[in-house]
file final_30.csv (CSV, C-alpha atoms)
chain,number,residue,atom,x,y,z
D,1,MET,CA,46.3,-89.4,69.4
D,2,ASN,CA,45.0,-91.9,66.8
D,3,SER,CA,47.3,-92.8,64.0
D,4,ILE,CA,46.1,-91.8,60.5
D,5,THR,CA,46.3,-94.4,57.7
D,6,VAL,CA,47.1,-92.8,54.3
D,7,SER,CA,46.5,-94.9,51.2
D,8,PHE,CA,46.8,-94.0,47.5
D,9,SER,CA,44.5,-94.9,44.7
D,10,GLU,CA,45.5,-96.7,41.5
D,11,ARG,CA,44.7,-93.4,39.6
D,12,PHE,CA,47.2,-91.6,41.9
D,13,TYR,CA,49.9,-94.2,41.1
D,14,ARG,CA,49.3,-93.9,37.4
D,15,SER,CA,49.4,-90.1,37.5
D,16,ILE,CA,52.6,-90.0,39.6
D,17,LYS,CA,54.3,-92.5,37.3
D,18,GLU,CA,53.6,-90.2,34.3
D,19,LEU,CA,54.6,-87.0,36.2
D,20,ARG,CA,57.9,-88.6,37.4
D,21,LYS,CA,59.1,-88.5,33.8
D,22,LYS,CA,59.1,-84.7,33.9
D,23,TYR,CA,59.5,-83.9,37.6
D,24,ARG,CA,62.3,-86.1,39.1
D,25,HIS,CA,61.7,-84.9,42.7
D,26,ILE,CA,57.9,-85.5,42.8
D,27,GLN,CA,58.3,-88.4,45.2
D,28,GLU,CA,60.0,-86.2,47.8
D,29,ASP,CA,57.3,-83.6,47.4
D,30,VAL,CA,54.5,-86.1,47.8
D,31,ASP,CA,56.3,-87.8,50.8
D,32,ALA,CA,56.4,-84.5,52.7
D,33,PHE,CA,52.7,-84.0,52.0
D,34,ALA,CA,51.8,-87.6,53.1
D,35,LEU,CA,53.6,-86.9,56.4
D,36,LEU,CA,51.3,-84.0,57.0
D,37,LEU,CA,48.3,-86.2,56.4
D,38,GLU,CA,49.6,-88.9,58.8
D,39,LYS,CA,50.0,-86.3,61.5
D,40,GLY,CA,46.3,-85.5,61.2
D,41,GLU,CA,46.6,-82.3,59.3
D,42,THR,CA,44.1,-81.5,56.5
D,43,PRO,CA,46.0,-79.1,54.2
D,44,GLY,CA,44.2,-77.5,51.4
D,45,ASP,CA,40.6,-76.4,50.8
D,46,ARG,CA,37.5,-78.5,51.3
D,47,LEU,CA,35.8,-79.0,48.0
D,48,GLN,CA,32.2,-77.8,47.6
D,49,GLY,CA,29.6,-79.8,45.8
D,50,SER,CA,29.9,-83.1,47.6
D,51,ASP,CA,27.9,-83.5,50.8
D,52,GLU,CA,28.4,-87.2,50.6
D,53,TYR,CA,32.2,-87.2,50.7
D,54,VAL,CA,34.7,-85.1,52.6
D,55,LEU,CA,37.1,-84.1,49.8
D,56,TYR,CA,40.0,-81.7,49.8
D,57,LYS,CA,42.2,-80.2,47.2
D,58,ALA,CA,45.7,-79.3,48.3
D,59,ARG,CA,48.6,-77.5,46.7
D,60,ILE,CA,52.1,-79.0,46.9
D,61,ALA,CA,55.2,-77.0,45.9
D,62,SER,CA,57.4,-78.7,43.4
D,63,GLN,CA,61.2,-78.7,43.8
D,64,ASP,CA,61.4,-79.1,40.0
D,65,MET,CA,59.1,-76.3,38.9
D,66,GLN,CA,60.5,-73.7,41.3
D,67,ARG,CA,57.2,-71.7,41.4
D,68,GLY,CA,56.0,-72.4,44.9
D,69,LYS,CA,52.7,-74.0,45.7
D,70,SER,CA,50.7,-71.9,43.2
D,71,GLY,CA,52.5,-73.4,40.2
D,72,GLY,CA,53.2,-76.8,41.7
D,73,PHE,CA,51.0,-79.9,42.0
D,74,ARG,CA,47.4,-80.3,43.1
D,75,VAL,CA,46.4,-83.3,45.1
D,76,ILE,CA,42.8,-84.5,45.7
D,77,TYR,CA,42.2,-86.5,48.8
D,78,TYR,CA,39.2,-88.1,50.6
D,79,LEU,CA,38.7,-88.4,54.3
D,80,GLN,CA,37.2,-91.8,54.5
D,81,THR,CA,37.0,-91.9,58.3
D,82,THR,CA,38.6,-90.0,61.1
D,83,THR,CA,41.7,-92.3,60.8
D,84,SER,CA,41.7,-93.1,57.1
D,85,ILE,CA,42.6,-90.9,54.2
D,86,MET,CA,42.7,-91.9,50.5
D,87,VAL,CA,44.8,-89.8,48.1
D,88,ILE,CA,42.8,-89.8,44.9
D,89,ASN,CA,44.9,-88.1,42.3
D,90,ILE,CA,47.7,-85.7,41.6
D,91,TYR,CA,48.3,-83.4,38.7
D,92,ALA,CA,50.6,-80.6,37.7
D,93,LYS,CA,48.9,-77.2,37.8
D,94,PRO,CA,50.7,-75.9,34.6
D,95,ALA,CA,49.3,-78.9,32.7
D,96,ILE,CA,45.7,-79.0,34.0
D,97,ASP,CA,44.0,-75.8,35.1
D,98,ASN,CA,41.1,-77.3,37.2
D,99,VAL,CA,39.2,-80.5,37.7
D,100,GLN,CA,35.4,-80.4,38.0
D,101,ILE,CA,33.7,-81.8,41.1
D,102,ALA,CA,31.8,-84.2,38.8
D,103,THR,CA,35.0,-85.7,37.6
D,104,ILE,CA,36.3,-86.1,41.2
D,105,LEU,CA,33.1,-87.8,42.2
D,106,GLN,CA,33.5,-90.2,39.3
D,107,TRP,CA,37.0,-91.1,40.5
D,108,ILE,CA,35.6,-91.7,44.0
D,109,HIS,CA,32.9,-94.0,42.7
D,110,GLU,CA,35.4,-95.9,40.6
D,111,ILE,CA,37.5,-96.5,43.7
D,112,LEU,CA,34.6,-97.5,45.8
D,113,ASP,CA,33.4,-99.9,43.1
D,114,THR,CA,36.8,-101.5,43.0
D,115,VAL,CA,36.9,-101.9,46.7
D,116,ASP,CA,33.4,-103.5,46.6
D,117,ASP,CA,34.5,-105.8,43.8
D,118,ASP,CA,37.6,-106.9,45.8
D,119,ASN,CA,35.5,-107.5,48.9
D,120,PRO,CA,32.1,-108.9,47.9
D,121,GLU,CA,31.1,-109.4,51.6
D,122,ILE,CA,30.9,-105.6,51.9
D,123,ASN,CA,27.9,-105.6,49.6
D,124,GLU,CA,25.9,-108.0,51.7
D,125,PRO,CA,23.5,-106.7,54.3

call {"tool": "encode", "arguments": {"input": "final_30.csv", "output": "structure tokens"}}
result
Amino acid sequence: MNSITVSFSERFYRSIKELRKKYRHIQEDVDAFALLLEKGETPGDRLQGSDEYVLYKARIASQDMQRGKSGGFRVIYYLQTTTSIMVINIYAKPAIDNVQIATILQWIHEILDTVDDDNPEINEP
């Protein structure tokens, strides 16, 4: 079995830093989710509207909210390759109802542009 590499975007880190102020156990909740990804599982639902990227939205229960998965966190992640997953963003369901696919695609493009800027040789043919 191939090992799966799970990475987190800057947007994710900014979001979790803000959420940590209100939800003290968020790191434990996210760590459990990351372990599922590392094992090769793809929790959540595949997002429609993007044929170009394999995107998922998963629900994570929050120990602090005590509402189960339906009232917990939402995590958007991107299967870059069969062995690489990028966690794009996290948000609290009570605070944000839904995120449009166009917004998620914008986040993906920002991440890919940053990667291209950090590695200029990728842009060369």

call {"tool": "atom_distance", "arguments": {"input": "final_30.csv", "atom1": "CA of Leu35 in chain D", "atom2": "CA of Tyr91 in chain D"}}
result
18.8 Å

call {"tool": "closest_residue", "arguments": {"input": "final_30.csv", "among": "D:Ile26, D:Ile88, D:Ala58, D:Ala32", "to": "Trp107 in chain D", "atoms": "all atoms listed in the file"}}
result
D:Ile88

call {"tool": "closest_residue", "arguments": {"input": "final_30.csv", "among": "D:Tyr53, D:Asp45, D:Leu19, D:Phe33", "to": "Met65 in chain D", "atoms": "all atoms listed in the file"}}
result
D:Leu19

call {"tool": "atom_distance", "arguments": {"input": "final_30.csv", "atom1": "CA of Gln66 in chain D", "atom2": "CA of Asp29 in chain D"}}
result
12.1 Å

call {"tool": "atom_distance", "arguments": {"input": "final_30.csv", "atom1": "CA of Val75 in chain D", "atom2": "CA of His109 in chain D"}}
result
17.4 Å

call {"tool": "closest_residue", "arguments": {"input": "final_30.csv", "among": "D:Ile101, D:Ile111, D:Val87, D:Ala95", "to": "Val30 in chain D", "atoms": "only C-alpha atoms"}}
result
D:Val87

call {"tool": "build_atoms", "arguments": {"input": "final_30.csv", "residues": "range 35-63 of chain D", "atoms": "N, CA and C atoms", "output": "PDB file, in the frame of the given file"}}
result
ATOM      1  N   LEU D  35      53.270 -87.054  54.994  1.00  0.00           N
ATOM      2  CA  LEU D  35      53.600 -86.900  56.400  1.00  0.00           C
ATOM      3  C   LEU D  35      52.637 -85.983  57.135  1.00  0.00           C
ATOM      4  N   LEU D  36      52.266 -84.896  56.464  1.00  0.00           N
ATOM      5  CA  LEU D  36      51.300 -84.000  57.000  1.00  0.00           C
ATOM      6  C   LEU D  36      49.961 -84.682  57.294  1.00  0.00           C
ATOM      7  N   LEU D  37      49.531 -85.471  56.304  1.00  0.00           N
ATOM      8  CA  LEU D  37      48.300 -86.200  56.400  1.00  0.00           C
ATOM      9  C   LEU D  37      48.348 -87.209  57.591  1.00  0.00           C
ATOM     10  N   GLU D  38      49.465 -87.915  57.692  1.00  0.00           N
ATOM     11  CA  GLU D  38      49.600 -88.900  58.800  1.00  0.00           C
ATOM     12  C   GLU D  38      49.617 -88.268  60.142  1.00  0.00           C
ATOM     13  N   LYS D  39      50.024 -87.012  60.228  1.00  0.00           N
ATOM     14  CA  LYS D  39      50.000 -86.300  61.500  1.00  0.00           C
ATOM     15  C   LYS D  39      48.618 -85.784  61.859  1.00  0.00           C
ATOM     16  N   GLY D  40      47.662 -85.965  60.947  1.00  0.00           N
ATOM     17  CA  GLY D  40      46.300 -85.500  61.200  1.00  0.00           C
ATOM     18  C   GLY D  40      45.942 -84.173  60.674  1.00  0.00           C
ATOM     19  N   GLU D  41      46.855 -83.564  59.937  1.00  0.00           N
ATOM     20  CA  GLU D  41      46.600 -82.300  59.300  1.00  0.00           C
ATOM     21  C   GLU D  41      45.713 -82.470  58.082  1.00  0.00           C
ATOM     22  N   THR D  42      44.928 -81.462  57.743  1.00  0.00           N
ATOM     23  CA  THR D  42      44.100 -81.500  56.500  1.00  0.00           C
ATOM     24  C   THR D  42      44.462 -80.273  55.675  1.00  0.00           C
ATOM     25  N   PRO D  43      45.622 -80.297  55.015  1.00  0.00           N
ATOM     26  CA  PRO D  43      46.000 -79.100  54.200  1.00  0.00           C
ATOM     27  C   PRO D  43      45.076 -78.977  53.007  1.00  0.00           C
ATOM     28  N   GLY D  44      44.970 -77.759  52.550  1.00  0.00           N
ATOM     29  CA  GLY D  44      44.200 -77.500  51.400  1.00  0.00           C
ATOM     30  C   GLY D  44      42.781 -76.986  51.710  1.00  0.00           C
ATOM     31  N   ASP D  45      41.943 -76.959  50.685  1.00  0.00           N
ATOM     32  CA  ASP D  45      40.600 -76.400  50.800  1.00  0.00           C
ATOM     33  C   ASP D  45      39.577 -77.577  50.647  1.00  0.00           C
ATOM     34  N   ARG D  46      38.560 -77.544  51.478  1.00  0.00           N
ATOM     35  CA  ARG D  46      37.500 -78.500  51.300  1.00  0.00           C
ATOM     36  C   ARG D  46      36.717 -78.191  50.051  1.00  0.00           C
ATOM     37  N   LEU D  47      36.459 -79.218  49.262  1.00  0.00           N
ATOM     38  CA  LEU D  47      35.800 -79.000  48.000  1.00  0.00           C
ATOM     39  C   LEU D  47      34.265 -78.951  48.203  1.00  0.00           C
ATOM     40  N   GLN D  48      33.666 -77.985  47.567  1.00  0.00           N
ATOM     41  CA  GLN D  48      32.200 -77.800  47.600  1.00  0.00           C
ATOM     42  C   GLN D  48      31.564 -78.665  46.553  1.00  0.00           C
ATOM     43  N   GLY D  49      30.328 -79.028  46.784  1.00  0.00           N
ATOM     44  CA  GLY D  49      29.600 -79.800  45.800  1.00  0.00           C
ATOM     45  C   GLY D  49      29.459 -81.246  46.055  1.00  0.00           C
ATOM     46  N   SER D  50      30.002 -81.675  47.185  1.00  0.00           N
ATOM     47  CA  SER D  50      29.900 -83.100  47.600  1.00  0.00           C
ATOM     48  C   SER D  50      29.567 -83.156  49.052  1.00  0.00           C
ATOM     49  N   ASP D  51      28.298 -83.297  49.359  1.00  0.00           N
ATOM     50  CA  ASP D  51      27.900 -83.500  50.800  1.00  0.00           C
ATOM     51  C   ASP D  51      28.182 -84.894  51.224  1.00  0.00           C
ATOM     52  N   GLU D  52      28.232 -85.801  50.261  1.00  0.00           N
ATOM     53  CA  GLU D  52      28.400 -87.200  50.600  1.00  0.00           C
ATOM     54  C   GLU D  52      29.790 -87.604  50.989  1.00  0.00           C
ATOM     55  N   TYR D  53      30.799 -86.887  50.472  1.00  0.00           N
ATOM     56  CA  TYR D  53      32.200 -87.200  50.700  1.00  0.00           C
ATOM     57  C   TYR D  53      32.933 -85.976  51.243  1.00  0.00           C
ATOM     58  N   VAL D  54      33.899 -86.199  52.132  1.00  0.00           N
ATOM     59  CA  VAL D  54      34.700 -85.100  52.600  1.00  0.00           C
ATOM     60  C   VAL D  54      35.990 -85.087  51.755  1.00  0.00           C
ATOM     61  N   LEU D  55      35.998 -84.166  50.787  1.00  0.00           N
ATOM     62  CA  LEU D  55      37.100 -84.100  49.800  1.00  0.00           C
ATOM     63  C   LEU D  55      37.852 -82.788  49.969  1.00  0.00           C
ATOM     64  N   TYR D  56      39.159 -82.875  49.751  1.00  0.00           N
ATOM     65  CA  TYR D  56      40.000 -81.700  49.800  1.00  0.00           C
ATOM     66  C   TYR D  56      40.899 -81.650  48.566  1.00  0.00           C
ATOM     67  N   LYS D  57      41.251 -80.425  48.204  1.00  0.00           N
ATOM     68  CA  LYS D  57      42.200 -80.200  47.200  1.00  0.00           C
ATOM     69  C   LYS D  57      43.365 -79.385  47.795  1.00  0.00           C
ATOM     70  N   ALA D  58      44.574 -79.926  47.732  1.00  0.00           N
ATOM     71  CA  ALA D  58      45.700 -79.300  48.300  1.00  0.00           C
ATOM     72  C   ALA D  58      46.759 -78.911  47.281  1.00  0.00           C
ATOM     73  N   ARG D  59      47.499 -77.863  47.561  1.00  0.00           N
ATOM     74  CA  ARG D  59      48.600 -77.500  46.700  1.00  0.00           C
ATOM     75  C   ARG D  59      49.905 -77.958  47.290  1.00  0.00           C
ATOM     76  N   ILE D  60      50.768 -78.492  46.434  1.00  0.00           N
ATOM     77  CA  ILE D  60      52.100 -79.000  46.900  1.00  0.00           C
ATOM     78  C   ILE D  60      53.121 -78.238  46.012  1.00  0.00           C
ATOM     79  N   ALA D  61      54.108 -77.654  46.661  1.00  0.00           N
ATOM     80  CA  ALA D  61      55.200 -77.000  45.900  1.00  0.00           C
ATOM     81  C   ALA D  61      56.034 -78.116  45.251  1.00  0.00           C
ATOM     82  N   SER D  62      56.584 -77.791  44.105  1.00  0.00           N
ATOM     83  CA  SER D  62      57.400 -78.700  43.400  1.00  0.00           C
ATOM     84  C   SER D  62      58.865 -78.219  43.378  1.00  0.00           C
ATOM     85  N   GLN D  63      59.772 -79.086  43.784  1.00  0.00           N
ATOM     86  CA  GLN D  63      61.200 -78.700  43.800  1.00  0.00           C
ATOM     87  C   GLN D  63      61.658 -78.510  42.317  1.00  0.00           C
TER      88      GLN D  63
END
